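Trainee: Got a structure for you, start_13.pdb, holding PDB, C-alpha atoms and all ligand atoms.
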ATOM      1  CA  MET A   1     109.983 100.572  85.461
ATOM      2  CA  ASN A   2     108.689 104.131  85.259
ATOM      3  CA  ASN A   3     110.052 107.583  84.558
ATOM      4  CA  GLY A   4     113.395 106.187  83.408
ATOM      5  CA  PHE A   5     114.261 104.291  86.545
ATOM      6  CA  GLU A   6     113.191 101.060  88.150
ATOM      7  CA  SER A   7     112.176 101.928  91.674
ATOM      8  CA  LYS A   8     112.631  99.681  94.654
ATOM      9  CA  ILE A   9     109.516  99.478  96.782
ATOM     10  CA  VAL A  10     109.496  97.308  99.878
ATOM     11  CA  ALA A  11     106.048  95.961 100.724
ATOM     12  CA  PHE A  12     105.543  94.673 104.253
ATOM     13  CA  CYS A  13     102.466  92.466 103.986
ATOM     14  CA  CYS A  14     100.626  90.600 106.698
ATOM     15  CA  HIS A  15     100.331  86.878 106.093
ATOM     16  CA  TYR A  16      96.563  86.598 106.431
ATOM     17  CA  CYS A  17      95.264  89.346 104.177
ATOM     18  CA  ALA A  18      97.739  91.414 102.194
ATOM     19  CA  PHE A  19     100.097  88.558 101.362
ATOM     20  CA  ALA A  20      97.137  86.348 100.469
ATOM     21  CA  ALA A  21      95.809  89.172  98.243
ATOM     22  CA  ALA A  22      99.228  89.407  96.544
ATOM     23  CA  ASP A  23      99.128  85.654  96.038
ATOM     24  CA  LEU A  24      95.619  85.907  94.593
ATOM     25  CA  ALA A  25      96.778  88.648  92.218
ATOM     26  CA  GLY A  26      99.419  86.215  90.990
ATOM     27  CA  VAL A  27      96.960  83.337  90.648
ATOM     28  CA  LEU A  28      94.606  85.608  88.683
ATOM     29  CA  ARG A  29      97.588  86.665  86.546
ATOM     30  CA  LEU A  30      96.888  90.325  87.221
ATOM     31  CA  LYS A  31      99.573  92.611  85.916
ATOM     32  CA  TYR A  32     101.378  94.990  88.235
ATOM     33  CA  PRO A  33     104.854  96.553  88.137
ATOM     34  CA  PRO A  34     107.766  94.365  89.285
ATOM     35  CA  ASP A  35     109.128  97.116  91.536
ATOM     36  CA  LEU A  36     107.723  95.557  94.724
ATOM     37  CA  ARG A  37     109.797  93.398  97.053
ATOM     38  CA  ILE A  38     107.304  91.698  99.334
ATOM     39  CA  ILE A  39     108.234  90.847 102.903
ATOM     40  CA  ARG A  40     105.691  88.673 104.681
ATOM     41  CA  LEU A  41     104.929  89.376 108.314
ATOM     42  CA  PRO A  42     102.676  87.291 110.574
ATOM     43  CA  CYS A  43     100.784  90.550 111.233
ATOM     44  CA  THR A  44     101.608  94.193 110.535
ATOM     45  CA  GLY A  45     101.467  94.629 114.308
ATOM     46  CA  LYS A  46     104.851  92.863 114.293
ATOM     47  CA  LEU A  47     106.287  95.710 112.255
ATOM     48  CA  ASP A  48     108.935  97.705 114.073
ATOM     49  CA  THR A  49     109.504 101.317 113.060
ATOM     50  CA  LEU A  50     113.170 100.417 112.591
ATOM     51  CA  PHE A  51     112.183  98.007 109.781
ATOM     52  CA  LEU A  52     110.732 100.948 107.877
ATOM     53  CA  LEU A  53     113.789 103.142 108.373
ATOM     54  CA  LYS A  54     116.116 100.248 107.570
ATOM     55  CA  ALA A  55     114.314  99.665 104.269
ATOM     56  CA  PHE A  56     115.025 103.258 103.225
ATOM     57  CA  GLU A  57     118.598 102.997 104.506
ATOM     58  CA  LYS A  58     119.155  99.864 102.420
ATOM     59  CA  GLY A  59     118.031 101.552  99.207
ATOM     60  CA  ALA A  60     114.244 101.504  98.992
ATOM     61  CA  ASP A  61     112.697 104.424  97.125
ATOM     62  CA  GLY A  62     109.343 103.699  98.710
ATOM     63  CA  VAL A  63     107.852 101.493 101.388
ATOM     64  CA  LEU A  64     104.307 100.281 101.814
ATOM     65  CA  VAL A  65     102.698  98.420 104.644
ATOM     66  CA  ALA A  66      99.588  96.397 103.897
ATOM     67  CA  GLY A  67      97.471  94.824 106.574
ATOM     68  CA  CYS A  68      94.013  93.435 107.117
ATOM     69  CA  LEU A  69      90.895  95.558 106.956
ATOM     70  CA  GLU A  70      90.152  97.438 110.151
ATOM     71  CA  GLY A  71      88.311  95.129 112.512
ATOM     72  CA  SER A  72      89.641  92.033 110.722
ATOM     73  CA  CYS A  73      93.191  91.748 112.055
ATOM     74  CA  HIS A  74      93.834  88.167 113.175
ATOM     75  CA  PHE A  75      95.698  89.574 116.169
ATOM     76  CA  ILE A  76      92.871  91.989 117.033
ATOM     77  CA  SER A  77      94.560  95.380 116.718
ATOM     78  CA  GLY A  78      97.935  94.778 115.061
ATOM     79  CA  ASN A  79      96.938  96.716 111.956
ATOM     80  CA  LEU A  80      95.864  99.711 114.055
ATOM     81  CA  ARG A  81      99.204  99.725 115.877
ATOM     82  CA  ALA A  82     101.054  99.431 112.559
ATOM     83  CA  LYS A  83      99.068 102.328 111.105
ATOM     84  CA  LYS A  84     100.135 104.521 114.033
ATOM     85  CA  ARG A  85     103.778 103.501 113.556
ATOM     86  CA  VAL A  86     103.604 104.289 109.852
ATOM     87  CA  LEU A  87     102.157 107.710 110.659
ATOM     88  CA  ALA A  88     104.968 108.340 113.179
ATOM     89  CA  VAL A  89     107.618 107.387 110.615
ATOM     90  CA  LYS A  90     105.940 109.550 107.948
ATOM     91  CA  ASN A  91     106.309 112.507 110.317
ATOM     92  CA  LEU A  92     109.923 111.572 110.966
ATOM     93  CA  LEU A  93     110.658 111.358 107.235
ATOM     94  CA  GLU A  94     109.197 114.821 106.777
ATOM     95  CA  ARG A  95     111.494 116.174 109.500
ATOM     96  CA  LEU A  96     114.436 114.536 107.711
ATOM     97  CA  GLY A  97     113.463 116.268 104.475
ATOM     98  CA  ILE A  98     112.219 113.099 102.772
ATOM     99  CA  GLU A  99     108.791 113.140 101.128
ATOM    100  CA  LYS A 100     106.382 111.380 103.482
ATOM    101  CA  GLU A 101     104.502 110.079 100.427
ATOM    102  CA  ARG A 102     107.291 107.540 100.007
ATOM    103  CA  LEU A 103     105.669 105.580 102.834
ATOM    104  CA  GLU A 104     102.040 104.448 102.932
ATOM    105  CA  PHE A 105      99.735 102.143 104.825
ATOM    106  CA  PHE A 106      96.938 100.187 103.125
ATOM    107  CA  ASN A 107      94.162  97.930 104.363
ATOM    108  CA  LEU A 108      92.841  95.088 102.252
ATOM    109  CA  SER A 109      91.283  91.658 102.536
ATOM    110  CA  SER A 110      92.630  88.358 101.260
ATOM    111  CA  ALA A 111      89.985  88.398  98.498
ATOM    112  CA  GLN A 112      91.233  91.698  97.053
ATOM    113  CA  GLY A 113      93.803  90.558  94.527
ATOM    114  CA  GLU A 114      92.781  93.332  92.141
ATOM    115  CA  ARG A 115      93.109  95.887  94.950
ATOM    116  CA  PHE A 116      96.638  94.612  95.664
ATOM    117  CA  ALA A 117      97.602  95.051  92.004
ATOM    118  CA  GLN A 118      96.059  98.541  92.078
ATOM    119  CA  ILE A 119      98.064  99.440  95.225
ATOM    120  CA  ALA A 120     101.259  98.219  93.528
ATOM    121  CA  ARG A 121     100.527 100.371  90.470
ATOM    122  CA  GLU A 122      99.568 103.368  92.608
ATOM    123  CA  MET A 123     102.752 103.230  94.706
ATOM    124  CA  THR A 124     104.956 102.659  91.674
ATOM    125  CA  GLU A 125     103.442 105.666  89.893
ATOM    126  CA  ARG A 126     103.801 107.783  93.028
ATOM    127  CA  ILE A 127     107.472 106.862  93.474
ATOM    128  CA  ALA A 128     108.151 107.388  89.761
ATOM    129  CA  LYS A 129     106.844 110.955  90.103
ATOM    130  CA  LEU A 130     109.027 111.544  93.182
ATOM    131  CA  GLY A 131     112.093 109.995  91.531
ATOM    132  CA  PRO A 132     114.882 108.005  93.135
ATOM    133  CA  LEU A 133     115.484 108.788  96.792
ATOM    134  CA  ARG A 134     119.261 108.433  96.595
ATOM    135  CA  SER A 135     119.816 111.028  93.896
ATOM    136  CA  SER A 136     117.275 113.470  95.329
ATOM    137  CA  GLY A 137     119.912 115.125  97.479
ATOM    138  CA  ARG A 138     117.508 114.800 100.398
ATOM    139  CA  CYS A 139     118.488 111.330 101.527
ATOM    140  CA  PRO A 140     120.271 111.546 104.891
ATOM    141  CA  TYR A 141     121.792 108.128 104.249
ATOM    142  CA  ASP A 142     123.850 109.615 101.394
ATOM    143  CA  ARG A 143     125.631 112.104 103.605
ATOM    144  CA  GLY A 144     128.499 109.887 104.525
TER     145      GLY A 144
HETATM  146 FE1  LIG B   1      96.715  91.104 109.125
HETATM  147 FE2  LIG B   1      97.130  91.698 111.714
HETATM  148  S1  LIG B   1      96.819  89.745 110.843
HETATM  149  S2  LIG B   1      97.228  93.003 109.988
END
Could you write out this structure as structure tokens?

Mentor:
Amino acid sequence: MNNGFESKIVAFCCHYCAFAAADLAGVLRLKYPPDLRIIRLPCTGKLDTLFLLKAFEKGADGVLVAGCLEGSCHFISGNLRAKKRVLAVKNLLERLGIEKERLEFFNLSSAQGERFAQIAREMTERIAKLGPLRSSGRCPYDRG
């Protein structure tokens, strides 16, 4: 919880690296905000742009996508494709009047539990500064 509200941040994590890093963060008992709702994907390359938009539609204040380090995707270039999709959706959000900073892509390895916790803190702080999406008056999903 930050800035008087508990944000909802959906984290799409690839099974091999980002999800394993989140798991490692838990095993190491690293502290990070509870605002993240992790959704495991076999690879971020499986991520459809509609998943990102749907997350915002269903009430997320922020969305992050976390995949393997560049050159380490277990499906060769899934993380590169996902990064392009995230960039496309960021541009779309901007056109809709929603801060593009509410969506971010991260690369990390399965050994980076501390990095995962840092990403969680970073996104939570960022969303806390932006405030809730629904009451911002800029959310197109609130317009009936
Ligand atoms: Fe991790 Fe492709 S397997 S991003």

Trainee: Determine the nearest neighbour of Leu103 (chain A) from the options A:Phe116, A:Tyr32, A:Phe5, A:Phe56, counting only C-alpha atoms.

Mentor: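 Among the listed residues, the smallest separation from Leu103 (chain A) belongs to A:Phe56.
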
Trainee: I need every residue sitting at most 10 Å from the point (106.8, 90.7, 108.1) (coordinates as in the file, all atoms listed in the file considered), written as a ChimeraX atom specification.

Mentor: /A:11-15,19,38-48,51,65

Trainee: Show me which residues line ligand LIG 1 (chain B), defined as having an atom within 8 Å of a ligand atom where all atoms listed in the file count, and present them as a list of chain:residue names.

Mentor: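 If we count all atoms listed in the file, the neighbours of ligand LIG 1 (chain B) turn out to be A:Cys13, A:Cys14, A:His15, A:Tyr16, A:Cys17, A:Ala18, A:Pro42, A:Cys43, A:Thr44, A:Gly45, A:Ala66, A:Gly67, A:Cys68, A:Leu69, A:Ser72, A:Cys73, A:His74, A:Phe75, A:Ile76, A:Ser77, A:Gly78, A:Asn79, A:Leu80, A:Ala82.
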
Trainee: Between CA of Arg121 (chain A) and CA of Ala25 (chain A), what is the distance in Å, rounded to a tenth?

Mentor: 12.4 Å

Trainee: Go through the shown structure with the PyMOL selection byres (((chain A and resi 117) around 9) and not hetatm) and write out the matching residues as a list in words.

Mentor: Ala21, Ala22, Ala25, Leu30, Lys31, Tyr32, Pro33, Gln112, Gly113, Glu114, Arg115, Phe116, Gln118, Ile119, Ala120, Arg121 and Glu122 of chain A
